[in-house]
Every structure is written in C-alpha cells, then in structure tokens.
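So the structure is just underneath, and the comments pick up after that.
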Amino acid sequence: AIFQRNFSSKFQAEIPEISPKKQSEKNRKNFVRKFRNFKQTFVQRHKTNWTAPNIITATRIGFTPFLGYFVYTGEYKIALCGLFVSSASDWLDGYIARKYKQKTILGSLLDPIADKFLVSVVAVSLGLKDILPVSLVGVMFTRDLLLIGGSVVVTRFADFSKDQKMPQFQDLNFEVKPSLISKANTTLQFSTLWAALAFKAFEIEPNLFLNGLFYATGSATVISGFSYFYKSGIINKSKKR
C-alpha cells in the first residue's frame with residue numbers, strides 16, 4: 001500500500017499541470033485551425049463559381065426585369081441607357097473571363113441564358129407597346145425558350161445514365177459553346193432591339209432599314225433555332241481526350 005501510494009504520488013508529480021489560461025489558449029488555437037481548414041475547403045470548392053464575370057452576369061440577369069419595366073411604362077430613353085449598360089456588361093464579363101482566365105462551366109451556362117432572358121424580356125415589352133411586330137416577338141421568344149429548355153435538359157442529363165448518381169455541378173465536364181450562326185443571330189437580335197428602341201426614344205418614324213432588320217432577324221432566329229436541334233452547341237471535353 002505504501003509502495004502504491006508513493007508510486008501514484010511520483011506519477012502525478014511528473015504530469016505537468018495545465019493552467020486554465022493555457023488550456024483556453026490551446027482551445028482557441030484549435031478552433032482557429034479548424035475554421036481555417038473549413039474556410040480553405042469551402043473556398044477551394046466554390047471559388048471557380050464565384051468569379052467576377054459570373055457576378056456581373058448574375059447582376060445583368062437581375063437587372064433585366066427593370067429594363068422591361070422601363071420599356072412598358074414608356075421610359076424609352078432610360079430603357080435605352082439600361083440596354084447600353086447591359087450590353088456593355090455583356091462585353092465586360094467576357095473580356096475579364098478571357099483576359100484573366102476566369103472561364104467556368106457556370107459562366108458558359110449563365111452568359112447565354114442572360115442574353116436570351118434579356119432579349120425575351122425587352123422584345124416582349126416592345127411588342128406590348130407595338131414597337132416590334134408581334135410575329136417577330138413570338139419567333140424570338142419561342143426560339144429562346146426552347147433553347148434554354150434544351151440547354152438545361154442536356155446539361156443535367158449528358159454523360160450519365162439513369163442508373164448513375166446525379167453529378168455535382170463542379171463535377172460536370174462540358175461547356176457551352178455557341179455556334180457561328182447563333183452568334184450572328186444574337187447580334188441581329190440585339191441590333192433590332194437597339195434600333196427599335198432608339199427609333200421610339202428619339203421619335204423617328206420606322207423606315208425601310210428598320211423593317212429590313214425585322215425580316216433579317218426573324219429569318220436568322222428561325223434558322224438558328226433549327227440548327228440548334230441538328231448541331232448542339234454543347235461540347236463534351238472528354239471526347240477530345
């Protein structure tokens with residue numbers, strides 16, 4: 001019993017005592033270390049999505065309904081300025097993505113959706129004010145609606161079967177690349193919106209140029225719509241390997 005008591009006393013004496021202050025500091029350091037690890041993991045997973053071009057594109061999408069409101073309420077000059085800002089931001093996010101190598105899968109999806117949403121909202125607003133022909137608005141809106149729906153379906157279900165687990169967004173392995181005719185059609189659509197809105201804002205009577213632009217845009221919209229179903233703009237990167 002005496003040996004056991006002496007051994008216990010000696011063993012306890014060899015254990016260094018940790019003061020409450022040191023223990024609190026140790027806990028604090030452990031918490032900071034775990035928080036930094038969590039933050040690093042979170043940022044590493046999501047940094048490819050939260051880029052400056054994607055933020056600009058998302059802002060443009062959020063601003064689009066206000067642009068349609070200005071057109072519908074007859075504030076044509078304000079709407080024209082808003083259309084200029086939206087067009088400038090469209091160029092800006094593309095420039096930043098290329099210049100600073102910030103191209104992402106999310107960006108390749110958001111950018112065309114933002115363009116189609118902008119064209120559809122402004123075109124419908126101009127059609128309701130009898131500034132654009134109803135037939136042209138119908139063609140533009142229908143084509144863009146089908147294009148967005150098709151892109152979503154292909155994006156969600158490409159490269160995996162029903163038996164496979166739905167992949168996470170960061171694991172997707174393809175990007176959206178618009179065709180040449182699609183780019184030409186988008187340019188014509190924006191030119192039509194610009195021209196129609198400018199004619200109305202500055203009270204210029206429609207002329208042969210504007211009517212010709214209407215026919216050219218309608219034709220290009222129909223052709224690009226058919227081409228989309230025959231040749232997808234979505235390229236699977238894995239096929240290049």
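Naming scheme: A, B, ... for chains in displayed order of the structure tokens; residues 1 onward per chain; ligands 1 onward as shown.
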
List as a PDB file with C-alpha atoms, in the first residue's frame the protein and nucleic acid residues near Met140 (chain A), meaning an atom at most 12 Å away when only C-alpha atoms are counted, but skip any in the same chain fewer than 5 places from it.
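Ended up saving to result.pdb:
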```pdb
ATOM      1  CA  LYS A 116     -31.757  35.104 -74.012  1.00  0.00           C
ATOM      2  CA  PHE A 117     -33.534  36.397 -70.930  1.00  0.00           C
ATOM      3  CA  LEU A 118     -32.640  39.982 -71.826  1.00  0.00           C
ATOM      4  CA  VAL A 119     -33.744  39.588 -75.448  1.00  0.00           C
ATOM      5  CA  SER A 120     -37.015  37.897 -74.457  1.00  0.00           C
ATOM      6  CA  VAL A 121     -37.969  40.439 -71.783  1.00  0.00           C
ATOM      7  CA  VAL A 122     -37.159  43.504 -73.890  1.00  0.00           C
ATOM      8  CA  ALA A 123     -38.736  42.013 -77.027  1.00  0.00           C
ATOM      9  CA  VAL A 124     -41.977  41.178 -75.212  1.00  0.00           C
ATOM     10  CA  GLY A 127     -44.189  44.006 -78.587  1.00  0.00           C
ATOM     11  CA  LEU A 132     -41.889  45.310 -82.509  1.00  0.00           C
ATOM     12  CA  PRO A 133     -44.104  43.124 -84.737  1.00  0.00           C
ATOM     13  CA  VAL A 134     -45.969  40.507 -82.710  1.00  0.00           C
ATOM     14  CA  SER A 135     -44.875  37.770 -85.123  1.00  0.00           C
ATOM     15  CA  LEU A 145     -37.494  29.397 -74.595  1.00  0.00           C
ATOM     16  CA  LEU A 146     -36.791  26.147 -76.440  1.00  0.00           C
ATOM     17  CA  LEU A 147     -33.055  26.867 -76.438  1.00  0.00           C
ATOM     18  CA  ASN A 185     -28.457  35.693 -84.612  1.00  0.00           C
ATOM     19  CA  THR A 186     -27.756  37.157 -81.174  1.00  0.00           C
ATOM     20  CA  LEU A 188     -29.039  40.704 -85.088  1.00  0.00           C
ATOM     21  CA  GLN A 189     -31.467  40.432 -82.183  1.00  0.00           C
ATOM     22  CA  PHE A 190     -29.576  42.979 -80.104  1.00  0.00           C
ATOM     23  CA  THR A 192     -33.050  45.040 -83.650  1.00  0.00           C
ATOM     24  CA  LEU A 193     -33.759  45.884 -80.019  1.00  0.00           C
ATOM     25  CA  PHE A 214     -37.057  42.886 -88.626  1.00  0.00           C
ATOM     26  CA  TYR A 215     -37.173  40.404 -91.527  1.00  0.00           C
ATOM     27  CA  THR A 217     -33.709  38.958 -87.519  1.00  0.00           C
ATOM     28  CA  GLY A 218     -36.790  36.779 -87.890  1.00  0.00           C
ATOM     29  CA  SER A 219     -35.129  34.667 -90.592  1.00  0.00           C
ATOM     30  CA  ALA A 220     -31.898  34.291 -88.613  1.00  0.00           C
ATOM     31  CA  THR A 221     -33.860  33.323 -85.489  1.00  0.00           C
ATOM     32  CA  VAL A 222     -35.705  30.535 -87.308  1.00  0.00           C
ATOM     33  CA  ILE A 223     -32.533  29.216 -88.998  1.00  0.00           C
ATOM     34  CA  SER A 224     -30.511  29.257 -85.767  1.00  0.00           C
ATOM     35  CA  GLY A 225     -33.350  27.519 -83.959  1.00  0.00           C
TER      36      GLY A 225
END
```

Nearest to Tyr95 (chain A): which of A:Leu109, A:Leu128, A:Ala52, A:Val32 is it, counting only C-alpha atoms?
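Distance minimum relative to Tyr95 (chain A) lands on A:Ala52.
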
Residues flagged alpha helix (DSSP H) by DSSP in region 76-132 of chain A, as a VMD selection string
chain A and resid 76 to 99 105 to 128

CA of Asp111 (chain A) to CA of Trp91 (chain A): how many Å, to one decimal?
10.4 Å

For Ile96 (chain A), list every protein, DNA or RNA residue within 12 Å, evaluated using only C-alpha atoms, and leave out those in the same chain fewer than 2 positions away; present the list as JSON, numbers by chain.
{"A": [51, 52, 53, 54, 55, 56, 57, 89, 90, 91, 92, 93, 94, 98, 99, 100, 101, 102, 103, 104, 107]}

Output N, CA, C and O atoms for every residue in the selection just made, as an mmCIF file, in the first residue's frame.
```
data_model
loop_
_atom_site.group_PDB
_atom_site.id
_atom_site.type_symbol
_atom_site.label_atom_id
_atom_site.label_comp_id
_atom_site.auth_asym_id
_atom_site.auth_seq_id
_atom_site.Cartn_x
_atom_site.Cartn_y
_atom_site.Cartn_z
ATOM 1 N N THR A 51 -16.736 33.987 -59.530
ATOM 2 C CA THR A 51 -15.768 34.834 -60.218
ATOM 3 C C THR A 51 -16.429 36.154 -60.592
ATOM 4 O O THR A 51 -17.659 36.270 -60.618
ATOM 5 N N ALA A 52 -15.595 37.139 -60.891
ATOM 6 C CA ALA A 52 -16.120 38.455 -61.257
ATOM 7 C C ALA A 52 -17.030 38.397 -62.491
ATOM 8 O O ALA A 52 -18.113 39.004 -62.492
ATOM 9 N N PRO A 53 -16.668 37.681 -63.566
ATOM 10 C CA PRO A 53 -17.574 37.603 -64.721
ATOM 11 C C PRO A 53 -18.932 37.007 -64.381
ATOM 12 O O PRO A 53 -19.973 37.479 -64.869
ATOM 13 N N ASN A 54 -18.951 35.971 -63.533
ATOM 14 C CA ASN A 54 -20.219 35.352 -63.168
ATOM 15 C C ASN A 54 -21.081 36.281 -62.324
ATOM 16 O O ASN A 54 -22.312 36.290 -62.441
ATOM 17 N N ILE A 55 -20.452 37.070 -61.465
ATOM 18 C CA ILE A 55 -21.192 38.037 -60.653
ATOM 19 C C ILE A 55 -21.795 39.118 -61.548
ATOM 20 O O ILE A 55 -22.946 39.534 -61.360
ATOM 21 N N ILE A 56 -21.023 39.584 -62.527
ATOM 22 C CA ILE A 56 -21.532 40.585 -63.473
ATOM 23 C C ILE A 56 -22.710 40.024 -64.257
ATOM 24 O O ILE A 56 -23.735 40.698 -64.450
ATOM 25 N N THR A 57 -22.587 38.781 -64.717
ATOM 26 C CA THR A 57 -23.658 38.160 -65.484
ATOM 27 C C THR A 57 -24.918 37.996 -64.639
ATOM 28 O O THR A 57 -26.033 38.267 -65.104
ATOM 29 N N SER A 89 -21.966 45.394 -70.078
ATOM 30 C CA SER A 89 -21.615 44.378 -69.080
ATOM 31 C C SER A 89 -21.432 43.006 -69.728
ATOM 32 O O SER A 89 -20.620 42.205 -69.267
ATOM 33 N N ASP A 90 -22.183 42.759 -70.804
ATOM 34 C CA ASP A 90 -22.025 41.505 -71.542
ATOM 35 C C ASP A 90 -20.629 41.419 -72.147
ATOM 36 O O ASP A 90 -19.986 40.364 -72.121
ATOM 37 N N TRP A 91 -20.163 42.524 -72.694
ATOM 38 C CA TRP A 91 -18.795 42.556 -73.240
ATOM 39 C C TRP A 91 -17.770 42.462 -72.110
ATOM 40 O O TRP A 91 -16.765 41.768 -72.226
ATOM 41 N N LEU A 92 -18.041 43.150 -70.992
ATOM 42 C CA LEU A 92 -17.081 43.222 -69.899
ATOM 43 C C LEU A 92 -16.838 41.862 -69.255
ATOM 44 O O LEU A 92 -15.681 41.488 -69.010
ATOM 45 N N ASP A 93 -17.910 41.105 -68.980
ATOM 46 C CA ASP A 93 -17.692 39.817 -68.318
ATOM 47 C C ASP A 93 -16.945 38.843 -69.229
ATOM 48 O O ASP A 93 -16.123 38.050 -68.765
ATOM 49 N N GLY A 94 -17.210 38.923 -70.542
ATOM 50 C CA GLY A 94 -16.464 38.086 -71.475
ATOM 51 C C GLY A 94 -14.997 38.475 -71.546
ATOM 52 O O GLY A 94 -14.112 37.603 -71.606
ATOM 53 N N ARG A 98 -11.782 36.077 -70.378
ATOM 54 C CA ARG A 98 -10.694 35.709 -71.297
ATOM 55 C C ARG A 98 -9.358 36.263 -70.840
ATOM 56 O O ARG A 98 -8.340 35.559 -70.871
ATOM 57 N N LYS A 99 -9.348 37.519 -70.413
ATOM 58 C CA LYS A 99 -8.108 38.192 -70.054
ATOM 59 C C LYS A 99 -7.462 37.576 -68.828
ATOM 60 O O LYS A 99 -6.235 37.375 -68.776
ATOM 61 N N TYR A 100 -8.255 37.261 -67.817
ATOM 62 C CA TYR A 100 -7.728 36.779 -66.549
ATOM 63 C C TYR A 100 -7.996 35.290 -66.321
ATOM 64 O O TYR A 100 -7.907 34.807 -65.188
ATOM 65 N N LYS A 101 -8.334 34.594 -67.402
ATOM 66 C CA LYS A 101 -8.518 33.140 -67.376
ATOM 67 C C LYS A 101 -9.496 32.719 -66.278
ATOM 68 O O LYS A 101 -9.202 31.860 -65.438
ATOM 69 N N GLN A 102 -10.683 33.324 -66.303
ATOM 70 C CA GLN A 102 -11.715 33.012 -65.321
ATOM 71 C C GLN A 102 -12.931 32.353 -65.975
ATOM 72 O O GLN A 102 -14.058 32.500 -65.509
ATOM 73 N N LYS A 103 -12.693 31.622 -67.054
ATOM 74 C CA LYS A 103 -13.782 30.903 -67.697
ATOM 75 C C LYS A 103 -14.192 29.720 -66.822
ATOM 76 O O LYS A 103 -13.350 28.972 -66.343
ATOM 77 N N THR A 104 -15.497 29.575 -66.621
ATOM 78 C CA THR A 104 -16.021 28.483 -65.814
ATOM 79 C C THR A 104 -17.221 27.844 -66.517
ATOM 80 O O THR A 104 -17.805 28.424 -67.439
ATOM 81 N N GLY A 107 -20.201 29.977 -65.879
ATOM 82 C CA GLY A 107 -20.209 31.155 -66.736
ATOM 83 C C GLY A 107 -20.661 30.839 -68.148
ATOM 84 O O GLY A 107 -21.389 31.616 -68.768
#
```

Restricting the calculation to only C-alpha atoms, which member of A:Leu126, A:Val139, A:Ile181, A:Asp144 is positioned closest to Lys200 (chain A)?
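Closest to Lys200 (chain A) of all the choices is A:Leu126.
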
Near Trp194 (chain A), counting only C-alpha atoms, which residues have an atom at most 9 Å away, once you skip same-chain residues fewer than 3 positions from it, shown as a list in words?
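Listing them by chain and then by number gives Leu80, Leu83, Phe84, Gln189, Phe190, Ser191, Leu197, Ala198 and Phe199 of chain A.
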
Restricting it to N, CA and C atoms, dump the selection as a compact mmCIF listing (two decimals), in the first residue's frame.
```txt
# COMPACT_ATOMS: atom_id res chain seq x y z
N LEU A 80 -33.18 52.74 -72.99
CA LEU A 80 -32.08 52.70 -73.94
C LEU A 80 -30.74 52.76 -73.22
N LEU A 83 -30.22 49.40 -71.65
CA LEU A 83 -29.80 48.42 -72.64
C LEU A 83 -28.33 48.59 -72.98
N PHE A 84 -27.86 49.84 -72.99
CA PHE A 84 -26.44 50.09 -73.23
C PHE A 84 -25.59 49.51 -72.10
N GLN A 189 -30.40 40.17 -83.14
CA GLN A 189 -31.47 40.43 -82.18
C GLN A 189 -31.17 41.68 -81.35
N PHE A 190 -29.94 41.79 -80.87
CA PHE A 190 -29.58 42.98 -80.10
C PHE A 190 -29.64 44.24 -80.97
N SER A 191 -29.22 44.12 -82.23
CA SER A 191 -29.28 45.27 -83.14
C SER A 191 -30.73 45.70 -83.36
N LEU A 197 -35.77 50.49 -80.20
CA LEU A 197 -35.86 51.33 -79.01
C LEU A 197 -35.35 52.74 -79.28
N ALA A 198 -34.28 52.86 -80.07
CA ALA A 198 -33.74 54.18 -80.40
C ALA A 198 -34.71 54.97 -81.27
N PHE A 199 -35.34 54.29 -82.24
CA PHE A 199 -36.32 54.96 -83.10
C PHE A 199 -37.46 55.53 -82.26
```
